[in-house]
Amino acid sequence: MEEVKKQILAVLVDNEAGVLSQISRLFSRKGYNIESLAVGTADLPNTSRITIEIMADDDHARLLSNQLRKLFPVHSVKLLTPQKSIRRELVLYKVRTPDNDTRNAIIQIANIFRANIIDVSVGTLTLAVVGGESKTEGIEKILEEFEVMELVRTGSVALERGQETIYDETKEKGEFNYGKNVL
């Protein structure tokens, strides 16, 4: 039996109503919980890029990738491995700072983790941390010593390292344009 681990899928889709619902229903029907989901417009007109994080073994991740490719609004799917991709997440932390000593300690922690202080008010500091899983988990563990009033995560976004892109094997190139490089 293969090891179940965090798998990240990058999916290029048409930017239209209902696409995200179609994709999430596919995962639901197959019994997979989406651990993280990040969606934004892509560099091509009328397209969006979805980064989906699930817990699955390699065989099931490939199966889900193949099933995603069959959906009409999906242009491309890439299974991103940790060795060949860059993953980042944004986490915002609102931390209570009842006195100057606490405020100074949190500012020092922010400096160590290269976090941005994005809001200062009487009694709180809000930090923005962008980084990989180890960085966000590290600062979170240290901030547990203080009163974290609220936190929010964007979910992971990822790109392949080097020259490869999500556009390398799209349906447009492979199925509709018979090998012509349109993208």
# chains A, B, ... in the order shown; residues from 1 in each chain; ligands from 1
>>> residues_around(residues="segment 108-117 of chain A", least_positions_apart="6", cutoff="9 Å", atoms="only C-alpha atoms", output="list in words")
Leu125, Thr126, Leu127, Ala128, Val129, Val130, Lys135, Thr136, Gly138, Ile139, Ile142 and Leu143 of chain A
>>> write_last_selection(atoms="all heavy atoms", output="PDB file, in the first residue's frame")
ATOM      1  N   LEU A 125      -1.071  43.649  17.319  1.00  0.00           N
ATOM      2  CA  LEU A 125      -0.235  43.721  16.113  1.00  0.00           C
ATOM      3  C   LEU A 125      -0.758  42.665  15.153  1.00  0.00           C
ATOM      4  O   LEU A 125      -1.113  41.563  15.574  1.00  0.00           O
ATOM      5  CB  LEU A 125       1.231  43.393  16.417  1.00  0.00           C
ATOM      6  CG  LEU A 125       2.087  44.430  17.114  1.00  0.00           C
ATOM      7  CD1 LEU A 125       3.470  43.851  17.404  1.00  0.00           C
ATOM      8  CD2 LEU A 125       2.218  45.676  16.268  1.00  0.00           C
ATOM      9  N   THR A 126      -0.795  42.990  13.872  1.00  0.00           N
ATOM     10  CA  THR A 126      -1.165  42.005  12.860  1.00  0.00           C
ATOM     11  C   THR A 126       0.043  41.762  11.977  1.00  0.00           C
ATOM     12  O   THR A 126       0.627  42.703  11.427  1.00  0.00           O
ATOM     13  CB  THR A 126      -2.366  42.481  12.017  1.00  0.00           C
ATOM     14  OG1 THR A 126      -3.457  42.746  12.912  1.00  0.00           O
ATOM     15  CG2 THR A 126      -2.781  41.419  11.013  1.00  0.00           C
ATOM     16  N   LEU A 127       0.420  40.487  11.857  1.00  0.00           N
ATOM     17  CA  LEU A 127       1.584  40.080  11.075  1.00  0.00           C
ATOM     18  C   LEU A 127       1.141  39.355   9.814  1.00  0.00           C
ATOM     19  O   LEU A 127       0.174  38.601   9.847  1.00  0.00           O
ATOM     20  CB  LEU A 127       2.466  39.124  11.880  1.00  0.00           C
ATOM     21  CG  LEU A 127       2.873  39.509  13.295  1.00  0.00           C
ATOM     22  CD1 LEU A 127       3.678  38.387  13.928  1.00  0.00           C
ATOM     23  CD2 LEU A 127       3.659  40.788  13.297  1.00  0.00           C
ATOM     24  N   ALA A 128       1.890  39.550   8.733  1.00  0.00           N
ATOM     25  CA  ALA A 128       1.690  38.793   7.498  1.00  0.00           C
ATOM     26  C   ALA A 128       2.954  37.979   7.262  1.00  0.00           C
ATOM     27  O   ALA A 128       4.051  38.531   7.210  1.00  0.00           O
ATOM     28  CB  ALA A 128       1.444  39.726   6.316  1.00  0.00           C
ATOM     29  N   VAL A 129       2.794  36.676   7.131  1.00  0.00           N
ATOM     30  CA  VAL A 129       3.917  35.771   6.912  1.00  0.00           C
ATOM     31  C   VAL A 129       3.689  35.049   5.597  1.00  0.00           C
ATOM     32  O   VAL A 129       2.647  34.428   5.396  1.00  0.00           O
ATOM     33  CB  VAL A 129       4.041  34.734   8.051  1.00  0.00           C
ATOM     34  CG1 VAL A 129       5.198  33.786   7.800  1.00  0.00           C
ATOM     35  CG2 VAL A 129       4.183  35.429   9.386  1.00  0.00           C
ATOM     36  N   VAL A 130       4.669  35.146   4.698  1.00  0.00           N
ATOM     37  CA  VAL A 130       4.626  34.404   3.437  1.00  0.00           C
ATOM     38  C   VAL A 130       5.770  33.421   3.462  1.00  0.00           C
ATOM     39  O   VAL A 130       6.924  33.808   3.693  1.00  0.00           O
ATOM     40  CB  VAL A 130       4.761  35.340   2.217  1.00  0.00           C
ATOM     41  CG1 VAL A 130       4.834  34.535   0.932  1.00  0.00           C
ATOM     42  CG2 VAL A 130       3.623  36.339   2.169  1.00  0.00           C
ATOM     43  N   LYS A 135       8.118  27.392   7.686  1.00  0.00           N
ATOM     44  CA  LYS A 135       8.181  28.763   8.189  1.00  0.00           C
ATOM     45  C   LYS A 135       6.884  29.154   8.888  1.00  0.00           C
ATOM     46  O   LYS A 135       6.904  29.694  10.000  1.00  0.00           O
ATOM     47  CB  LYS A 135       8.472  29.732   7.048  1.00  0.00           C
ATOM     48  CG  LYS A 135       8.573  31.183   7.479  1.00  0.00           C
ATOM     49  CD  LYS A 135       8.902  32.082   6.306  1.00  0.00           C
ATOM     50  CE  LYS A 135       9.016  33.524   6.724  1.00  0.00           C
ATOM     51  NZ  LYS A 135       9.384  34.390   5.590  1.00  0.00           N
ATOM     52  N   THR A 136       5.752  28.882   8.262  1.00  0.00           N
ATOM     53  CA  THR A 136       4.477  29.274   8.869  1.00  0.00           C
ATOM     54  C   THR A 136       4.196  28.465  10.138  1.00  0.00           C
ATOM     55  O   THR A 136       3.662  29.002  11.105  1.00  0.00           O
ATOM     56  CB  THR A 136       3.316  29.149   7.864  1.00  0.00           C
ATOM     57  OG1 THR A 136       3.225  27.815   7.374  1.00  0.00           O
ATOM     58  CG2 THR A 136       3.474  30.123   6.709  1.00  0.00           C
ATOM     59  N   GLY A 138       6.571  27.268  12.087  1.00  0.00           N
ATOM     60  CA  GLY A 138       7.551  27.724  13.067  1.00  0.00           C
ATOM     61  C   GLY A 138       7.103  28.976  13.794  1.00  0.00           C
ATOM     62  O   GLY A 138       7.159  29.042  15.034  1.00  0.00           O
ATOM     63  N   ILE A 139       6.653  29.973  13.049  1.00  0.00           N
ATOM     64  CA  ILE A 139       6.221  31.207  13.710  1.00  0.00           C
ATOM     65  C   ILE A 139       4.942  30.968  14.510  1.00  0.00           C
ATOM     66  O   ILE A 139       4.760  31.521  15.581  1.00  0.00           O
ATOM     67  CB  ILE A 139       6.078  32.388  12.721  1.00  0.00           C
ATOM     68  CG1 ILE A 139       5.933  33.705  13.501  1.00  0.00           C
ATOM     69  CG2 ILE A 139       4.946  32.171  11.750  1.00  0.00           C
ATOM     70  CD1 ILE A 139       6.064  34.951  12.650  1.00  0.00           C
ATOM     71  N   ILE A 142       5.825  29.556  17.904  1.00  0.00           N
ATOM     72  CA  ILE A 142       6.381  30.571  18.807  1.00  0.00           C
ATOM     73  C   ILE A 142       5.286  31.534  19.282  1.00  0.00           C
ATOM     74  O   ILE A 142       5.244  31.926  20.447  1.00  0.00           O
ATOM     75  CB  ILE A 142       7.534  31.323  18.119  1.00  0.00           C
ATOM     76  CG1 ILE A 142       8.731  30.378  17.969  1.00  0.00           C
ATOM     77  CG2 ILE A 142       7.925  32.571  18.911  1.00  0.00           C
ATOM     78  CD1 ILE A 142       9.878  30.927  17.177  1.00  0.00           C
ATOM     79  N   LEU A 143       4.386  31.901  18.373  1.00  0.00           N
ATOM     80  CA  LEU A 143       3.321  32.835  18.750  1.00  0.00           C
ATOM     81  C   LEU A 143       2.307  32.220  19.712  1.00  0.00           C
ATOM     82  O   LEU A 143       1.528  32.941  20.329  1.00  0.00           O
ATOM     83  CB  LEU A 143       2.615  33.375  17.496  1.00  0.00           C
ATOM     84  CG  LEU A 143       3.423  34.350  16.642  1.00  0.00           C
ATOM     85  CD1 LEU A 143       2.652  34.714  15.385  1.00  0.00           C
ATOM     86  CD2 LEU A 143       3.824  35.589  17.432  1.00  0.00           C
TER      87      LEU A 143
END
>>> closest_atom_pairs(of="segment 59-176 of chain A", to="segment 15-28 of chain A", cutoff="12 Å", atoms="only C-alpha atoms", output="Markdown table")
| residue | atom | partner | partner_atom | distance |
| --- | --- | --- | --- | --- |
| A:His60 | CA | A:Phe27 | CA | 11.1 |
| A:Ala61 | CA | A:Phe27 | CA | 10.7 |
| A:Leu63 | CA | A:Phe27 | CA | 11.1 |
| A:Leu64 | CA | A:Phe27 | CA | 7.8 |
| A:Ser65 | CA | A:Phe27 | CA | 10.5 |
| A:Asn66 | CA | A:Leu26 | CA | 11.4 |
| A:Gln67 | CA | A:Leu26 | CA | 8.1 |
| A:Leu68 | CA | A:Ile23 | CA | 7.2 |
| A:Arg69 | CA | A:Ile23 | CA | 10.3 |
| A:Lys70 | CA | A:Ile23 | CA | 10.8 |
| A:Leu71 | CA | A:Ile23 | CA | 8.2 |
| A:Phe72 | CA | A:Val19 | CA | 9.3 |
| A:Pro73 | CA | A:Val19 | CA | 6.8 |
| A:Val74 | CA | A:Val19 | CA | 8.5 |
| A:His75 | CA | A:Asn15 | CA | 10.9 |
| A:Val77 | CA | A:Ile23 | CA | 11.8 |
>>> atom_distance(atom1="atom CA of Glu53 of chain A", atom2="atom CA of Arg88 of chain A")
12.1 Å
>>> select_by_dssp(residues="segment 98-173 of chain A", states="helix (DSSP H, G or I)", output="PyMOL selection string")
chain A and resi 100-112+133-143+166-169+171-173
>>> atom_distance(atom1="atom CA of Arg87 of chain A", atom2="atom CA of Met149 of chain A")
26.3 Å
>>> atom_distance(atom1="atom CA of Arg96 of chain A", atom2="atom CA of Gly132 of chain A")
24.6 Å
>>> select_by_dssp(residues="segment 33-178 of chain A", states="strand (DSSP E)", output="ChimeraX atom specification")
/A:34-41,47-56,74-80,85-96,116-121,124-131,148-153,157-160
>>> residues_around(residues="Val11 of chain A", least_positions_apart="6", cutoff="8 Å", atoms="only C-alpha atoms", output="PyMOL selection string")
chain A and resi 49-52+74-78+166
>>> write_last_selection(atoms="N, CA, C and O atoms", output="PDB file, in the first residue's frame")
ATOM      1  N   ARG A  49      -6.190  29.944 -12.438  1.00  0.00           N
ATOM      2  CA  ARG A  49      -5.339  28.856 -11.969  1.00  0.00           C
ATOM      3  C   ARG A  49      -5.820  28.459 -10.576  1.00  0.00           C
ATOM      4  O   ARG A  49      -5.991  29.311  -9.712  1.00  0.00           O
ATOM      5  N   ILE A  50      -6.035  27.173 -10.393  1.00  0.00           N
ATOM      6  CA  ILE A  50      -6.482  26.643  -9.110  1.00  0.00           C
ATOM      7  C   ILE A  50      -5.375  25.755  -8.561  1.00  0.00           C
ATOM      8  O   ILE A  50      -4.863  24.886  -9.264  1.00  0.00           O
ATOM      9  N   THR A  51      -5.005  25.990  -7.307  1.00  0.00           N
ATOM     10  CA  THR A  51      -4.053  25.127  -6.624  1.00  0.00           C
ATOM     11  C   THR A  51      -4.834  24.359  -5.567  1.00  0.00           C
ATOM     12  O   THR A  51      -5.450  24.956  -4.692  1.00  0.00           O
ATOM     13  N   ILE A  52      -4.814  23.028  -5.677  1.00  0.00           N
ATOM     14  CA  ILE A  52      -5.594  22.159  -4.799  1.00  0.00           C
ATOM     15  C   ILE A  52      -4.632  21.254  -4.038  1.00  0.00           C
ATOM     16  O   ILE A  52      -3.764  20.613  -4.638  1.00  0.00           O
ATOM     17  N   VAL A  74     -11.470  22.495 -18.052  1.00  0.00           N
ATOM     18  CA  VAL A  74     -10.083  22.318 -17.601  1.00  0.00           C
ATOM     19  C   VAL A  74      -9.156  22.279 -18.810  1.00  0.00           C
ATOM     20  O   VAL A  74      -9.336  21.483 -19.721  1.00  0.00           O
ATOM     21  N   HIS A  75      -8.153  23.151 -18.800  1.00  0.00           N
ATOM     22  CA  HIS A  75      -7.169  23.208 -19.882  1.00  0.00           C
ATOM     23  C   HIS A  75      -5.956  22.330 -19.605  1.00  0.00           C
ATOM     24  O   HIS A  75      -5.406  21.728 -20.505  1.00  0.00           O
ATOM     25  N   SER A  76      -5.526  22.318 -18.330  1.00  0.00           N
ATOM     26  CA  SER A  76      -4.293  21.622 -17.990  1.00  0.00           C
ATOM     27  C   SER A  76      -4.290  21.266 -16.515  1.00  0.00           C
ATOM     28  O   SER A  76      -4.864  21.980 -15.700  1.00  0.00           O
ATOM     29  N   VAL A  77      -3.631  20.149 -16.195  1.00  0.00           N
ATOM     30  CA  VAL A  77      -3.472  19.709 -14.808  1.00  0.00           C
ATOM     31  C   VAL A  77      -2.032  19.252 -14.630  1.00  0.00           C
ATOM     32  O   VAL A  77      -1.520  18.480 -15.434  1.00  0.00           O
ATOM     33  N   LYS A  78      -1.392  19.734 -13.587  1.00  0.00           N
ATOM     34  CA  LYS A  78      -0.035  19.287 -13.249  1.00  0.00           C
ATOM     35  C   LYS A  78      -0.020  18.843 -11.799  1.00  0.00           C
ATOM     36  O   LYS A  78      -0.525  19.536 -10.926  1.00  0.00           O
ATOM     37  N   ILE A 166       2.718  25.132 -16.528  1.00  0.00           N
ATOM     38  CA  ILE A 166       1.431  24.441 -16.627  1.00  0.00           C
ATOM     39  C   ILE A 166       0.946  24.426 -18.067  1.00  0.00           C
ATOM     40  O   ILE A 166       0.105  23.638 -18.444  1.00  0.00           O
TER      41      ILE A 166
END
>>> residues_around(residues="Met1 of chain A", least_positions_apart="3", cutoff="12 Å", atoms="only C-alpha atoms", output="list in words")
Val4, Ala56, Asp57, Asp58, Asp59 and His60 of chain A
>>> closest_residue(among="A:Thr124, A:Gly131, A:Asn33, A:Asp14", to="Ile86 of chain A", atoms="only C-alpha atoms")
A:Gly131
>>> closest_residue(among="A:Tyr32, A:Gln83, A:Asn46, A:Glu3", to="Gly162 of chain A", atoms="only C-alpha atoms")
A:Gln83
>>> residues_around(residues="Glu160 of chain A", least_positions_apart="4", cutoff="7 Å", atoms="only C-alpha atoms", output="list in words")
Leu80, Lys84, Ser85, Ile86, Glu164 and Thr165 of chain A
>>> write_last_selection(atoms="all heavy atoms", output="PDB file, in the first residue's frame")
ATOM      1  N   LEU A  80       2.224  18.554  -8.820  1.00  0.00           N
ATOM      2  CA  LEU A  80       3.485  19.196  -8.453  1.00  0.00           C
ATOM      3  C   LEU A  80       4.142  18.453  -7.297  1.00  0.00           C
ATOM      4  O   LEU A  80       3.555  18.327  -6.225  1.00  0.00           O
ATOM      5  CB  LEU A  80       3.241  20.653  -8.067  1.00  0.00           C
ATOM      6  CG  LEU A  80       2.587  21.521  -9.139  1.00  0.00           C
ATOM      7  CD1 LEU A  80       2.345  22.928  -8.622  1.00  0.00           C
ATOM      8  CD2 LEU A  80       3.423  21.545 -10.403  1.00  0.00           C
ATOM      9  N   LYS A  84      10.229  19.393  -7.218  1.00  0.00           N
ATOM     10  CA  LYS A  84      10.224  20.158  -8.465  1.00  0.00           C
ATOM     11  C   LYS A  84       9.299  21.365  -8.436  1.00  0.00           C
ATOM     12  O   LYS A  84       8.936  21.884  -9.475  1.00  0.00           O
ATOM     13  CB  LYS A  84       9.817  19.244  -9.625  1.00  0.00           C
ATOM     14  CG  LYS A  84      10.823  18.167  -9.922  1.00  0.00           C
ATOM     15  CD  LYS A  84      10.415  17.379 -11.135  1.00  0.00           C
ATOM     16  CE  LYS A  84      11.454  16.317 -11.472  1.00  0.00           C
ATOM     17  NZ  LYS A  84      11.086  15.574 -12.670  1.00  0.00           N
ATOM     18  N   SER A  85       8.901  21.800  -7.225  1.00  0.00           N
ATOM     19  CA  SER A  85       7.992  22.938  -7.160  1.00  0.00           C
ATOM     20  C   SER A  85       8.337  23.856  -5.992  1.00  0.00           C
ATOM     21  O   SER A  85       9.036  23.474  -5.066  1.00  0.00           O
ATOM     22  CB  SER A  85       6.545  22.463  -7.046  1.00  0.00           C
ATOM     23  OG  SER A  85       6.339  21.769  -5.839  1.00  0.00           O
ATOM     24  N   ILE A  86       7.827  25.053  -6.097  1.00  0.00           N
ATOM     25  CA  ILE A  86       7.960  26.056  -5.048  1.00  0.00           C
ATOM     26  C   ILE A  86       6.555  26.282  -4.507  1.00  0.00           C
ATOM     27  O   ILE A  86       5.648  26.596  -5.271  1.00  0.00           O
ATOM     28  CB  ILE A  86       8.522  27.366  -5.607  1.00  0.00           C
ATOM     29  CG1 ILE A  86       9.876  27.131  -6.263  1.00  0.00           C
ATOM     30  CG2 ILE A  86       8.610  28.427  -4.517  1.00  0.00           C
ATOM     31  CD1 ILE A  86      10.317  28.256  -7.154  1.00  0.00           C
ATOM     32  N   GLU A 164       9.770  24.403 -16.905  1.00  0.00           N
ATOM     33  CA  GLU A 164       8.456  23.815 -17.143  1.00  0.00           C
ATOM     34  C   GLU A 164       7.342  24.726 -16.625  1.00  0.00           C
ATOM     35  O   GLU A 164       7.517  25.411 -15.624  1.00  0.00           O
ATOM     36  CB  GLU A 164       8.337  22.458 -16.452  1.00  0.00           C
ATOM     37  CG  GLU A 164       9.121  21.374 -17.149  1.00  0.00           C
ATOM     38  CD  GLU A 164       8.785  20.006 -16.598  1.00  0.00           C
ATOM     39  OE1 GLU A 164       7.589  19.700 -16.456  1.00  0.00           O
ATOM     40  OE2 GLU A 164       9.728  19.275 -16.306  1.00  0.00           O
ATOM     41  N   THR A 165       6.204  24.706 -17.339  1.00  0.00           N
ATOM     42  CA  THR A 165       5.047  25.475 -16.918  1.00  0.00           C
ATOM     43  C   THR A 165       3.792  24.619 -17.030  1.00  0.00           C
ATOM     44  O   THR A 165       3.823  23.537 -17.633  1.00  0.00           O
ATOM     45  CB  THR A 165       4.841  26.733 -17.795  1.00  0.00           C
ATOM     46  OG1 THR A 165       4.427  26.329 -19.097  1.00  0.00           O
ATOM     47  CG2 THR A 165       6.102  27.576 -17.874  1.00  0.00           C
TER      48      THR A 165
END
>>> decode(residues="segment 52-107 of chain A", atoms="C-alpha atoms", output="PDB file, in the first residue's frame")
ATOM      1  CA  ILE A  52      -5.594  22.159  -4.799  1.00  0.00           C
ATOM      2  CA  GLU A  53      -3.988  20.346  -1.875  1.00  0.00           C
ATOM      3  CA  ILE A  54      -5.275  16.897  -0.903  1.00  0.00           C
ATOM      4  CA  MET A  55      -4.093  13.907   1.114  1.00  0.00           C
ATOM      5  CA  ALA A  56      -3.698  10.943  -1.257  1.00  0.00           C
ATOM      6  CA  ASP A  57      -1.233   8.331  -2.414  1.00  0.00           C
ATOM      7  CA  ASP A  58       0.539   8.769  -5.767  1.00  0.00           C
ATOM      8  CA  ASP A  59      -1.807   6.454  -7.692  1.00  0.00           C
ATOM      9  CA  HIS A  60      -4.951   8.221  -6.498  1.00  0.00           C
ATOM     10  CA  ALA A  61      -3.419  11.643  -7.183  1.00  0.00           C
ATOM     11  CA  ARG A  62      -2.682  10.575 -10.781  1.00  0.00           C
ATOM     12  CA  LEU A  63      -6.213   9.173 -11.117  1.00  0.00           C
ATOM     13  CA  LEU A  64      -7.728  12.442  -9.882  1.00  0.00           C
ATOM     14  CA  SER A  65      -5.475  14.402 -12.270  1.00  0.00           C
ATOM     15  CA  ASN A  66      -6.686  12.316 -15.201  1.00  0.00           C
ATOM     16  CA  GLN A  67     -10.311  12.760 -14.196  1.00  0.00           C
ATOM     17  CA  LEU A  68      -9.843  16.519 -13.864  1.00  0.00           C
ATOM     18  CA  ARG A  69      -8.414  16.644 -17.396  1.00  0.00           C
ATOM     19  CA  LYS A  70     -11.682  15.176 -18.718  1.00  0.00           C
ATOM     20  CA  LEU A  71     -13.728  18.134 -17.461  1.00  0.00           C
ATOM     21  CA  PHE A  72     -14.555  20.499 -20.308  1.00  0.00           C
ATOM     22  CA  PRO A  73     -13.448  23.804 -18.655  1.00  0.00           C
ATOM     23  CA  VAL A  74     -10.083  22.318 -17.601  1.00  0.00           C
ATOM     24  CA  HIS A  75      -7.169  23.208 -19.882  1.00  0.00           C
ATOM     25  CA  SER A  76      -4.293  21.622 -17.990  1.00  0.00           C
ATOM     26  CA  VAL A  77      -3.472  19.709 -14.808  1.00  0.00           C
ATOM     27  CA  LYS A  78      -0.035  19.287 -13.249  1.00  0.00           C
ATOM     28  CA  LEU A  79       0.781  17.197 -10.212  1.00  0.00           C
ATOM     29  CA  LEU A  80       3.485  19.196  -8.453  1.00  0.00           C
ATOM     30  CA  THR A  81       6.082  17.274  -6.476  1.00  0.00           C
ATOM     31  CA  PRO A  82       7.883  18.949  -3.554  1.00  0.00           C
ATOM     32  CA  GLN A  83      11.268  18.433  -5.238  1.00  0.00           C
ATOM     33  CA  LYS A  84      10.224  20.158  -8.465  1.00  0.00           C
ATOM     34  CA  SER A  85       7.992  22.938  -7.160  1.00  0.00           C
ATOM     35  CA  ILE A  86       7.960  26.056  -5.048  1.00  0.00           C
ATOM     36  CA  ARG A  87       5.069  26.278  -2.562  1.00  0.00           C
ATOM     37  CA  ARG A  88       4.050  29.312  -0.557  1.00  0.00           C
ATOM     38  CA  GLU A  89       1.211  30.329   1.719  1.00  0.00           C
ATOM     39  CA  LEU A  90       0.155  33.647   3.244  1.00  0.00           C
ATOM     40  CA  VAL A  91      -0.858  33.604   6.909  1.00  0.00           C
ATOM     41  CA  LEU A  92      -2.165  36.627   8.820  1.00  0.00           C
ATOM     42  CA  TYR A  93      -1.855  36.610  12.623  1.00  0.00           C
ATOM     43  CA  LYS A  94      -3.563  39.096  14.938  1.00  0.00           C
ATOM     44  CA  VAL A  95      -1.742  38.987  18.280  1.00  0.00           C
ATOM     45  CA  ARG A  96      -2.747  40.715  21.513  1.00  0.00           C
ATOM     46  CA  THR A  97      -0.075  43.095  22.829  1.00  0.00           C
ATOM     47  CA  PRO A  98      -1.200  44.275  26.275  1.00  0.00           C
ATOM     48  CA  ASP A  99       2.124  45.973  27.090  1.00  0.00           C
ATOM     49  CA  ASN A 100       5.333  47.279  25.500  1.00  0.00           C
ATOM     50  CA  ASP A 101       7.382  44.195  26.429  1.00  0.00           C
ATOM     51  CA  THR A 102       4.950  41.911  24.593  1.00  0.00           C
ATOM     52  CA  ARG A 103       4.818  44.290  21.611  1.00  0.00           C
ATOM     53  CA  ASN A 104       8.630  44.390  21.398  1.00  0.00           C
ATOM     54  CA  ALA A 105       8.901  40.602  21.689  1.00  0.00           C
ATOM     55  CA  ILE A 106       6.447  40.108  18.823  1.00  0.00           C
ATOM     56  CA  ILE A 107       8.259  42.691  16.686  1.00  0.00           C
TER      57      ILE A 107
END
